[in-house]
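To be precise, the following lines are work_6.csv, and they hold CSV, C-alpha atoms.
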chain,number,residue,atom,x,y,z
A,1,MET,CA,46.3,115.3,131.2
A,2,PHE,CA,49.6,114.9,129.2
A,3,LYS,CA,47.7,114.7,125.9
A,4,LEU,CA,45.5,117.7,126.9
A,5,ILE,CA,48.6,119.9,127.3
A,6,GLN,CA,49.9,118.8,123.9
A,7,ARG,CA,46.6,119.3,122.1
A,8,LYS,CA,46.2,122.6,120.4
A,9,ASP,CA,42.5,122.7,121.0
A,10,SER,CA,43.0,122.6,124.8
A,11,GLN,CA,43.9,126.3,124.6
A,12,ASN,CA,41.7,129.2,123.8
A,13,MET,CA,42.1,131.8,121.1
A,14,ASN,CA,44.4,134.0,123.3
A,15,GLY,CA,46.8,131.1,123.9
A,16,ARG,CA,45.6,130.7,127.5
A,17,ILE,CA,44.6,127.4,128.9
A,18,ASP,CA,41.2,127.4,130.7
A,19,PRO,CA,41.0,127.5,134.5
A,20,VAL,CA,40.0,123.8,134.9
A,21,GLN,CA,43.0,122.6,132.9
A,22,GLU,CA,45.3,125.1,134.7
A,23,ALA,CA,44.2,123.6,138.0
A,24,LEU,CA,44.9,120.1,136.7
A,25,LEU,CA,48.3,121.3,135.5
A,26,ASP,CA,49.1,122.8,138.9
A,27,ALA,CA,48.3,119.4,140.5
A,28,ALA,CA,50.5,117.6,138.0
A,29,LEU,CA,53.4,119.9,138.6
A,30,ASN,CA,53.2,119.2,142.3
A,31,ARG,CA,53.5,115.4,141.8
A,32,ASP,CA,56.5,113.7,143.4
A,33,ASP,CA,58.1,112.6,140.1
A,34,GLN,CA,57.9,116.2,138.8
A,35,LYS,CA,59.4,117.5,142.1
A,36,PHE,CA,62.2,115.0,141.8
A,37,ILE,CA,63.1,116.3,138.4
A,38,SER,CA,62.9,119.8,139.7
A,39,GLU,CA,65.3,119.0,142.5
A,40,SER,CA,67.7,117.3,140.1
A,41,VAL,CA,67.9,120.5,138.0
A,42,ARG,CA,68.3,122.6,141.1
A,43,GLN,CA,71.4,120.6,142.1
A,44,LEU,CA,73.2,120.8,138.8
A,45,LYS,CA,76.7,122.1,139.0
A,46,ALA,CA,77.0,125.9,139.6
A,47,ASP,CA,79.1,127.8,137.0
A,48,GLU,CA,81.6,130.5,137.7
A,49,LEU,CA,83.2,133.0,135.5
A,50,SER,CA,86.9,133.9,135.7
A,51,LEU,CA,88.5,137.1,137.1
A,52,SER,CA,90.0,137.8,133.6
A,53,TRP,CA,86.4,137.7,132.2
A,54,ARG,CA,85.4,140.2,134.8
A,55,SER,CA,88.3,142.5,134.1
A,56,GLU,CA,87.6,142.4,130.4
A,57,LEU,CA,83.9,143.4,131.1
A,58,ASN,CA,85.1,146.2,133.4
A,59,GLN,CA,87.2,147.6,130.6
A,60,LYS,CA,84.3,147.5,128.2
A,61,LEU,CA,82.0,149.2,130.7
A,62,VAL,CA,84.6,152.0,131.4
A,63,SER,CA,84.9,152.7,127.7
A,64,LEU,CA,81.2,153.1,127.5
A,65,GLN,CA,81.0,155.7,130.4
A,66,PRO,CA,80.2,159.3,129.4
A,67,SER,CA,83.2,160.6,131.3
A,68,ALA,CA,85.4,158.4,129.2
A,69,LYS,CA,84.1,159.9,126.0
A,70,ALA,CA,84.5,163.5,127.2
A,71,PRO,CA,88.4,163.6,127.0
A,72,SER,CA,88.3,162.4,123.4
A,73,ARG,CA,86.1,165.4,122.6
A,74,LEU,CA,88.5,167.7,124.4
A,75,ARG,CA,91.4,166.1,122.6
A,76,TRP,CA,89.8,167.1,119.3
A,77,TRP,CA,89.3,170.7,120.6
A,78,HIS,CA,93.0,170.7,121.7
A,79,SER,CA,94.2,169.8,118.3
A,80,PHE,CA,91.9,172.4,116.7
A,81,SER,CA,93.0,175.1,119.0
A,82,GLY,CA,96.7,174.2,118.4
A,83,VAL,CA,96.2,174.7,114.7
A,84,ALA,CA,94.4,178.0,115.3
A,85,VAL,CA,97.2,179.3,117.5
A,86,ALA,CA,99.8,178.3,114.9
A,87,GLY,CA,97.8,180.0,112.1
A,88,ALA,CA,97.5,183.2,114.2
A,89,LEU,CA,101.2,183.3,114.9
A,90,ALA,CA,102.0,182.8,111.2
A,91,VAL,CA,99.7,185.7,110.2
A,92,ALA,CA,101.3,187.9,112.9
A,93,PHE,CA,104.8,187.3,111.6
A,94,LEU,CA,104.3,187.2,107.9
A,95,VAL,CA,101.9,190.2,107.3
A,96,PRO,CA,103.9,193.5,107.4
A,97,ARG,CA,102.7,196.0,110.0
A,98,PRO,CA,102.5,199.8,109.4
A,99,GLN,CA,104.9,202.0,111.4
A,100,VAL,CA,103.1,203.7,114.3
A,101,SER,CA,106.0,205.5,116.0
A,102,GLY,CA,105.9,209.3,115.6
A,103,THR,CA,109.5,209.9,116.7
A,104,SER,CA,111.3,208.0,114.0
A,105,PRO,CA,114.4,209.8,112.6
A,106,GLU,CA,113.2,209.0,109.1
A,107,MET,CA,110.3,211.5,109.6
A,108,PHE,CA,112.7,214.4,109.4
A,109,GLY,CA,114.6,215.6,106.4
A,110,ASN,CA,118.4,215.6,106.1
A,111,THR,CA,118.7,218.9,107.9
A,112,ILE,CA,121.0,219.7,110.9
A,113,GLU,CA,117.9,219.8,113.0
A,114,SER,CA,116.8,216.3,111.9
A,115,GLU,CA,120.3,215.0,112.7
A,116,ILE,CA,120.2,216.5,116.2
A,117,VAL,CA,116.8,215.1,116.8
A,118,SER,CA,117.8,211.6,115.6
A,119,ALA,CA,121.0,211.7,117.6
A,120,HIS,CA,119.0,212.6,120.7
A,121,VAL,CA,116.5,209.8,120.0
A,122,VAL,CA,119.3,207.3,119.6
A,123,ALA,CA,121.0,208.5,122.8
A,124,HIS,CA,117.7,208.4,124.7
A,125,ARG,CA,116.9,204.9,123.5
A,126,THR,CA,120.4,203.7,124.4
A,127,SER,CA,120.1,205.2,127.9
A,128,GLU,CA,116.7,203.5,128.2
A,129,LEU,CA,118.1,200.1,127.1
A,130,THR,CA,121.2,200.3,129.4
A,131,PRO,CA,120.3,199.7,133.1
A,132,SER,CA,121.6,202.5,135.2
A,133,SER,CA,123.0,200.2,137.8
A,134,THR,CA,125.2,198.5,135.3
A,135,VAL,CA,126.5,201.9,134.2
A,136,GLN,CA,127.2,202.9,137.7
A,137,HIS,CA,128.9,199.6,138.4
A,138,ILE,CA,131.2,200.0,135.4
A,139,GLN,CA,131.9,203.5,136.3
A,140,PHE,CA,132.7,202.5,139.9
A,141,GLU,CA,135.1,199.8,138.7
A,142,GLN,CA,136.8,202.1,136.4
A,143,SER,CA,137.3,204.8,139.0
A,144,GLU,CA,138.6,202.3,141.5
A,145,SER,CA,141.1,200.8,139.0
A,146,LEU,CA,142.4,204.3,138.3
A,147,HIS,CA,143.5,204.8,141.9
A,148,ASP,CA,144.5,201.3,142.7
A,149,PHE,CA,148.3,201.8,142.8
A,150,SER,CA,150.6,200.4,145.3
A,151,GLU,CA,154.0,201.9,146.4
A,152,ALA,CA,155.8,199.3,144.3
A,153,ASP,CA,153.8,200.4,141.2
A,154,LEU,CA,154.8,203.9,141.8
A,155,GLY,CA,158.5,202.9,142.1
A,156,THR,CA,158.5,201.3,138.7
A,157,LEU,CA,157.3,204.4,137.0
B,158,MET,CA,56.3,130.7,165.6
B,159,GLU,CA,55.0,130.4,162.0
B,160,LEU,CA,53.8,134.0,162.1
B,161,SER,CA,57.2,135.2,163.3
B,162,ILE,CA,59.0,133.4,160.4
B,163,SER,CA,56.5,134.8,158.0
B,164,MET,CA,57.1,138.3,159.3
B,165,ASP,CA,60.9,137.9,159.2
B,166,TRP,CA,60.7,136.7,155.6
B,167,LYS,CA,58.5,139.8,154.7
B,168,ARG,CA,60.9,142.1,156.5
B,169,SER,CA,63.9,140.5,154.7
B,170,ALA,CA,62.1,140.7,151.3
B,171,THR,CA,61.3,144.4,151.9
B,172,THR,CA,64.9,145.1,152.9
B,173,ASP,CA,66.1,143.3,149.7
B,174,ALA,CA,63.7,145.3,147.6
B,175,MET,CA,64.8,148.6,149.2
B,176,ALA,CA,68.5,147.7,148.7
B,177,GLU,CA,67.8,146.8,145.1
B,178,GLN,CA,66.0,150.1,144.6
B,179,ALA,CA,68.9,152.0,146.1
B,180,LEU,CA,71.4,150.1,143.9
B,181,LEU,CA,69.2,150.7,140.8
B,182,GLU,CA,69.2,154.5,141.5
B,183,ARG,CA,72.9,154.5,141.6
B,184,CYS,CA,73.3,152.4,138.5
B,185,LYS,CA,71.0,154.8,136.7
B,186,LYS,CA,73.6,157.5,137.3
B,187,GLN,CA,76.2,155.3,135.6
B,188,ASP,CA,77.8,154.6,138.9
B,189,THR,CA,80.3,151.8,138.0
B,190,GLU,CA,80.8,150.7,141.6
B,191,ALA,CA,77.1,150.1,142.0
B,192,PHE,CA,76.9,148.4,138.6
B,193,GLY,CA,79.8,146.2,139.7
B,194,LYS,CA,77.7,145.0,142.7
B,195,LEU,CA,74.9,144.2,140.2
B,196,ILE,CA,77.4,142.2,138.2
B,197,ASP,CA,78.6,140.4,141.3
B,198,ALA,CA,75.1,139.4,142.2
B,199,TYR,CA,74.1,138.1,138.8
B,200,GLN,CA,77.1,137.1,136.7
B,201,ASN,CA,77.3,133.4,137.7
B,202,ARG,CA,73.5,133.0,137.6
B,203,LEU,CA,73.3,134.4,134.1
B,204,PHE,CA,76.2,132.3,133.0
B,205,GLY,CA,74.5,129.2,134.4
B,206,PHE,CA,71.4,130.0,132.4
B,207,ILE,CA,73.1,131.1,129.1
B,208,LYS,CA,75.6,128.2,129.2
B,209,ARG,CA,72.7,125.8,129.1
B,210,MET,CA,71.0,127.7,126.4
B,211,VAL,CA,74.1,128.0,124.2
B,212,PRO,CA,76.3,125.0,123.8
B,213,ASP,CA,79.7,126.7,123.6
B,214,ALA,CA,80.9,127.9,127.0
B,215,GLU,CA,83.1,130.7,125.6
B,216,GLU,CA,80.3,132.0,123.5
B,217,ALA,CA,78.1,131.9,126.6
B,218,ALA,CA,80.6,133.9,128.6
B,219,ASP,CA,80.6,136.5,125.8
B,220,LEU,CA,76.8,136.6,125.9
B,221,VAL,CA,76.9,137.3,129.6
B,222,GLN,CA,79.2,140.3,128.9
B,223,GLU,CA,76.9,141.4,126.2
B,224,THR,CA,73.9,141.2,128.6
B,225,PHE,CA,75.6,143.5,131.1
B,226,ILE,CA,76.8,145.9,128.5
B,227,ARG,CA,73.2,146.2,127.1
B,228,ALA,CA,71.9,146.5,130.7
B,229,PHE,CA,74.4,149.3,131.4
B,230,GLN,CA,73.4,151.2,128.3
B,231,ALA,CA,69.7,150.8,128.9
B,232,ILE,CA,69.5,151.0,132.7
B,233,GLY,CA,68.6,154.7,132.6
B,234,ARG,CA,65.4,153.8,130.8
B,235,PHE,CA,64.5,150.9,133.1
B,236,ASP,CA,61.1,151.8,134.5
B,237,GLY,CA,61.0,149.3,137.4
B,238,ARG,CA,57.8,147.6,136.3
B,239,SER,CA,59.5,144.3,136.6
B,240,SER,CA,62.3,143.3,139.0
B,241,LEU,CA,65.9,143.8,138.1
B,242,ARG,CA,66.4,140.1,137.9
B,243,THR,CA,63.5,139.6,135.5
B,244,TRP,CA,64.8,142.5,133.3
B,245,LEU,CA,68.4,141.0,133.2
B,246,PHE,CA,67.2,137.5,132.4
B,247,ARG,CA,64.9,139.0,129.6
B,248,ILE,CA,67.9,140.6,128.0
B,249,ALA,CA,69.9,137.4,128.3
B,250,TYR,CA,67.1,135.3,126.9
B,251,ASN,CA,66.6,137.6,124.0
B,252,LEU,CA,70.3,137.5,123.2
B,253,CYS,CA,70.2,133.6,123.3
B,254,ILE,CA,67.2,133.6,121.0
B,255,ASP,CA,68.9,136.0,118.6
B,256,ARG,CA,72.0,133.9,118.6
B,257,SER,CA,70.0,130.7,118.1
B,258,ARG,CA,68.2,132.3,115.1
B,259,LYS,CA,71.5,133.3,113.6
B,260,ALA,CA,73.1,129.9,114.2
B,261,ASP,CA,69.9,128.3,113.0
B,262,ARG,CA,70.5,125.5,115.4
B,263,THR,CA,66.9,125.2,116.7
B,264,PRO,CA,65.2,122.2,115.1
B,265,GLN,CA,61.9,124.1,114.5
B,266,GLY,CA,61.2,127.8,113.9
B,267,TYR,CA,61.0,129.6,117.2
B,268,SER,CA,58.1,131.8,118.1
B,269,LEU,CA,58.1,133.9,121.2
B,270,ASP,CA,54.3,133.9,121.3
B,271,GLY,CA,54.1,130.2,120.7
B,272,THR,CA,51.5,128.8,123.0
B,273,THR,CA,51.2,125.1,122.1
B,274,GLU,CA,53.7,122.4,122.6
B,275,ASP,CA,52.4,120.0,120.1
B,276,ASP,CA,55.7,120.2,118.1
B,277,GLU,CA,57.5,118.5,120.9
B,278,SER,CA,57.5,114.7,120.7
B,279,PHE,CA,56.9,113.0,124.0
B,280,SER,CA,55.8,109.7,125.3
B,281,VAL,CA,53.8,109.3,128.5
B,282,PRO,CA,56.2,108.6,131.4
B,283,ASP,CA,56.6,105.1,132.6
B,284,SER,CA,54.2,104.5,135.5
B,285,ARG,CA,56.8,102.4,137.2
B,286,TRP,CA,59.1,105.4,137.4
B,287,ASN,CA,60.6,105.3,140.9
B,288,PRO,CA,62.8,108.3,141.7
B,289,GLU,CA,63.5,107.1,145.2
B,290,GLY,CA,65.8,104.3,144.0
B,291,ILE,CA,68.0,106.7,142.0
B,292,LEU,CA,71.3,107.8,143.4
B,293,MET,CA,72.3,111.3,142.5
B,294,SER,CA,75.8,110.7,141.3
B,295,ASP,CA,78.0,112.6,138.9
B,296,GLU,CA,76.8,110.3,136.2
B,297,PHE,CA,73.3,111.1,137.0
B,298,PHE,CA,73.9,114.8,136.7
B,299,ARG,CA,75.7,114.3,133.4
B,300,VAL,CA,72.6,112.6,132.1
B,301,VAL,CA,70.4,115.4,133.4
B,302,GLU,CA,72.6,118.0,131.6
B,303,GLU,CA,72.4,115.9,128.4
B,304,GLY,CA,68.6,115.8,128.8
B,305,VAL,CA,68.4,119.6,129.3
B,306,GLY,CA,70.6,120.1,126.2
B,307,GLN,CA,68.3,118.0,124.0
B,308,MET,CA,65.2,120.1,124.7
B,309,SER,CA,64.0,123.0,122.5
B,310,ASP,CA,64.9,126.5,123.7
B,311,LYS,CA,61.3,127.2,124.8
B,312,LEU,CA,61.1,124.2,127.2
B,313,ARG,CA,64.7,124.6,128.4
B,314,SER,CA,64.3,128.3,129.3
B,315,VAL,CA,61.2,127.6,131.4
B,316,LEU,CA,62.8,124.7,133.2
B,317,LEU,CA,66.0,126.6,134.0
B,318,LEU,CA,64.2,129.8,135.1
B,319,HIS,CA,61.8,127.9,137.3
B,320,ASP,CA,63.8,125.1,138.7
B,321,ARG,CA,67.3,126.7,138.9
B,322,GLU,CA,66.5,130.4,139.3
B,323,ASP,CA,63.4,129.9,141.5
B,324,MET,CA,61.4,132.3,139.5
B,325,SER,CA,57.7,132.4,139.8
B,326,TYR,CA,55.4,131.5,136.9
B,327,GLU,CA,54.5,135.2,136.6
B,328,GLU,CA,58.2,136.3,136.5
B,329,ILE,CA,58.9,133.7,133.8
B,330,ALA,CA,55.9,134.9,131.8
B,331,GLY,CA,57.4,138.4,132.0
B,332,VAL,CA,60.8,137.2,130.8
B,333,LEU,CA,59.5,135.1,127.9
B,334,ASN,CA,56.5,137.3,127.1
B,335,VAL,CA,54.0,134.4,127.2
B,336,PRO,CA,50.9,133.7,129.3
B,337,VAL,CA,51.3,132.0,132.7
B,338,GLY,CA,49.4,128.9,131.5
B,339,THR,CA,52.0,128.5,128.7
B,340,VAL,CA,54.8,128.7,131.3
B,341,LYS,CA,53.2,125.9,133.4
B,342,SER,CA,52.5,123.6,130.4
B,343,ARG,CA,56.1,124.1,129.1
B,344,LEU,CA,57.5,123.3,132.6
B,345,PHE,CA,55.4,120.2,132.8
B,346,LEU,CA,56.6,119.0,129.4
B,347,ALA,CA,60.2,119.9,130.1
B,348,ARG,CA,60.2,117.9,133.3
B,349,THR,CA,58.5,115.0,131.6
B,350,HIS,CA,61.1,115.0,128.9
B,351,LEU,CA,63.9,114.8,131.5
B,352,GLN,CA,62.0,112.0,133.2
B,353,ASN,CA,61.9,110.1,130.0
B,354,VAL,CA,65.6,110.7,129.3
B,355,LEU,CA,66.6,109.5,132.8
B,356,GLY,CA,64.1,106.6,132.7
B,357,SER,CA,65.6,105.2,129.4
B,358,TYR,CA,69.2,105.8,130.7
B,359,PHE,CA,68.5,103.7,133.8
B,360,GLU,CA,66.6,101.1,131.9
B,361,GLU,CA,69.6,100.7,129.6
B,362,ASN,CA,72.0,100.4,132.5
B,363,GLN,CA,69.8,97.8,134.3
B,364,ASN,CA,69.9,95.7,131.1
B,365,VAL,CA,73.6,95.9,130.9
Here is a file; write its structure as structure tokens.
Amino acid sequence: MFKLIQRKDSQNMNGRIDPVQEALLDAALNRDDQKFISESVRQLKADELSLSWRSELNQKLVSLQPSAKAPSRLRWWHSFSGVAVAGALAVAFLVPRPQVSGTSPEMFGNTIESEIVSAHVVAHRTSELTPSSTVQHIQFEQSESLHDFSEADLGTL
Amino acid sequence: MELSISMDWKRSATTDAMAEQALLERCKKQDTEAFGKLIDAYQNRLFGFIKRMVPDAEEAADLVQETFIRAFQAIGRFDGRSSLRTWLFRIAYNLCIDRSRKADRTPQGYSLDGTTEDDESFSVPDSRWNPEGILMSDEFFRVVEEGVGQMSDKLRSVLLLHDREDMSYEEIAGVLNVPVGTVKSRLFLARTHLQNVLGSYFEENQNV
């Protein structure tokens, strides 16, 4: 039996042993001595891997996940968009813009009318820029301070 | 009574298969929690196999990691024709063979479709071999480990998958990509080799 297994010609062209020999082999594998060896191998010490090994594997698996790759792609887009915004701002500040205002004082000549118009425009802009509440407040304080005399103050005059 | 045990076993096997299928579906969606459960179930078993196929324990631990990484990357393409266990052990076995080829530590050229074992040198076991008288001590298991380490990769893999992992002949044939008859003949030769190693060890000790 043993020699049959070892002999090349005990196997057919497809590398399969014939059914009779396979039956003999099955019987041989069920012998007590073979079962004893099988049991010896079964009882060999079990092996365990450490927690640090597992943690290392987890890290490797997380780095392989598609969701872990997505942020890196986004980061690339972020840097690209940052450069684009910076470029757009530079263009906006450096390229001179044409004047679009139709009420600029420079549009009029050096006539009296043009001076009146420009004075009006300046006054109008100033009133627009100055909040009315502030003006009122200042005026109120001024008016109050004018009449804020005591009897002693009058006596010193 | 026997019928009831048989039915219980079938029910349990069906439940296991369903649980594995559910786990597999989650793993296919790259669910790391589910894949973690898969690792829990197989990490030590794969390590036990690879450590005996590769002499260096640290390298064996790295190969177990590599097995899971490859499984994680390829699980979406796993078609379920074999069991998850067969598939994982096939990945592990192929990594061991690749590593073995690179290190060129196998004494003879390895062939996955090798069908004959005539390149192994064996002697017929001693007919006086009496396993009943042997005490299974630490020393005994050390000799068994040594004997396993002396075998060629093709005999060792069959022995470990059958006798340690309880795989069927058909499953092993699927892992190694060889006919079932070849699995049986390799198993017989592997056990015979161990029997000879143990026989000569105890013979030497008796003489001392």
- Task: One decimal, Å: what's the distance from atom CA of B:Lys311 over to atom CA of B:Ile226, could you say?
- Result: 24.6 Å
- Item | Between atom CA of B:Ile254 and atom CA of B:Val354, distance in Å (one decimal) |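 Going from atom CA of B:Ile254 over to atom CA of B:Val354, I get 24.4 Å.
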- Task: Provide the atom CA of B:Asn362 to atom CA of B:Gly304 distance in Å, to one decimal place.
- Result: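 Answer for the atom CA of B:Asn362 to atom CA of B:Gly304 separation: 16.2 Å.
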- Task: Write out as a PyMOL selection string each polymer residue whose atoms come within 12 Å of B:Pro212, counting only C-alpha atoms; drop sequence neighbours fewer than 2 positions from it.
- Result: chain B and resi 204-210+214-218+220+253+256-257+260+262-263+302-303+305-307+310
- List the residues sitting within 8 Å of (69.2, 127.2, 141.2) in the file's frame, using only C-alpha atoms, as an NGL selection string. (:A and (41-44)) or (:B and (317 or 320-323))
- Task: Considering only C-alpha atoms, state which residue in the set B:Met308, B:Leu241, B:Val300, B:Val332 is at the smallest distance from chain A.
- Result: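 Going through B:Met308, B:Leu241, B:Val300, B:Val332 one by one, the smallest distance to chain A is for B:Val300.
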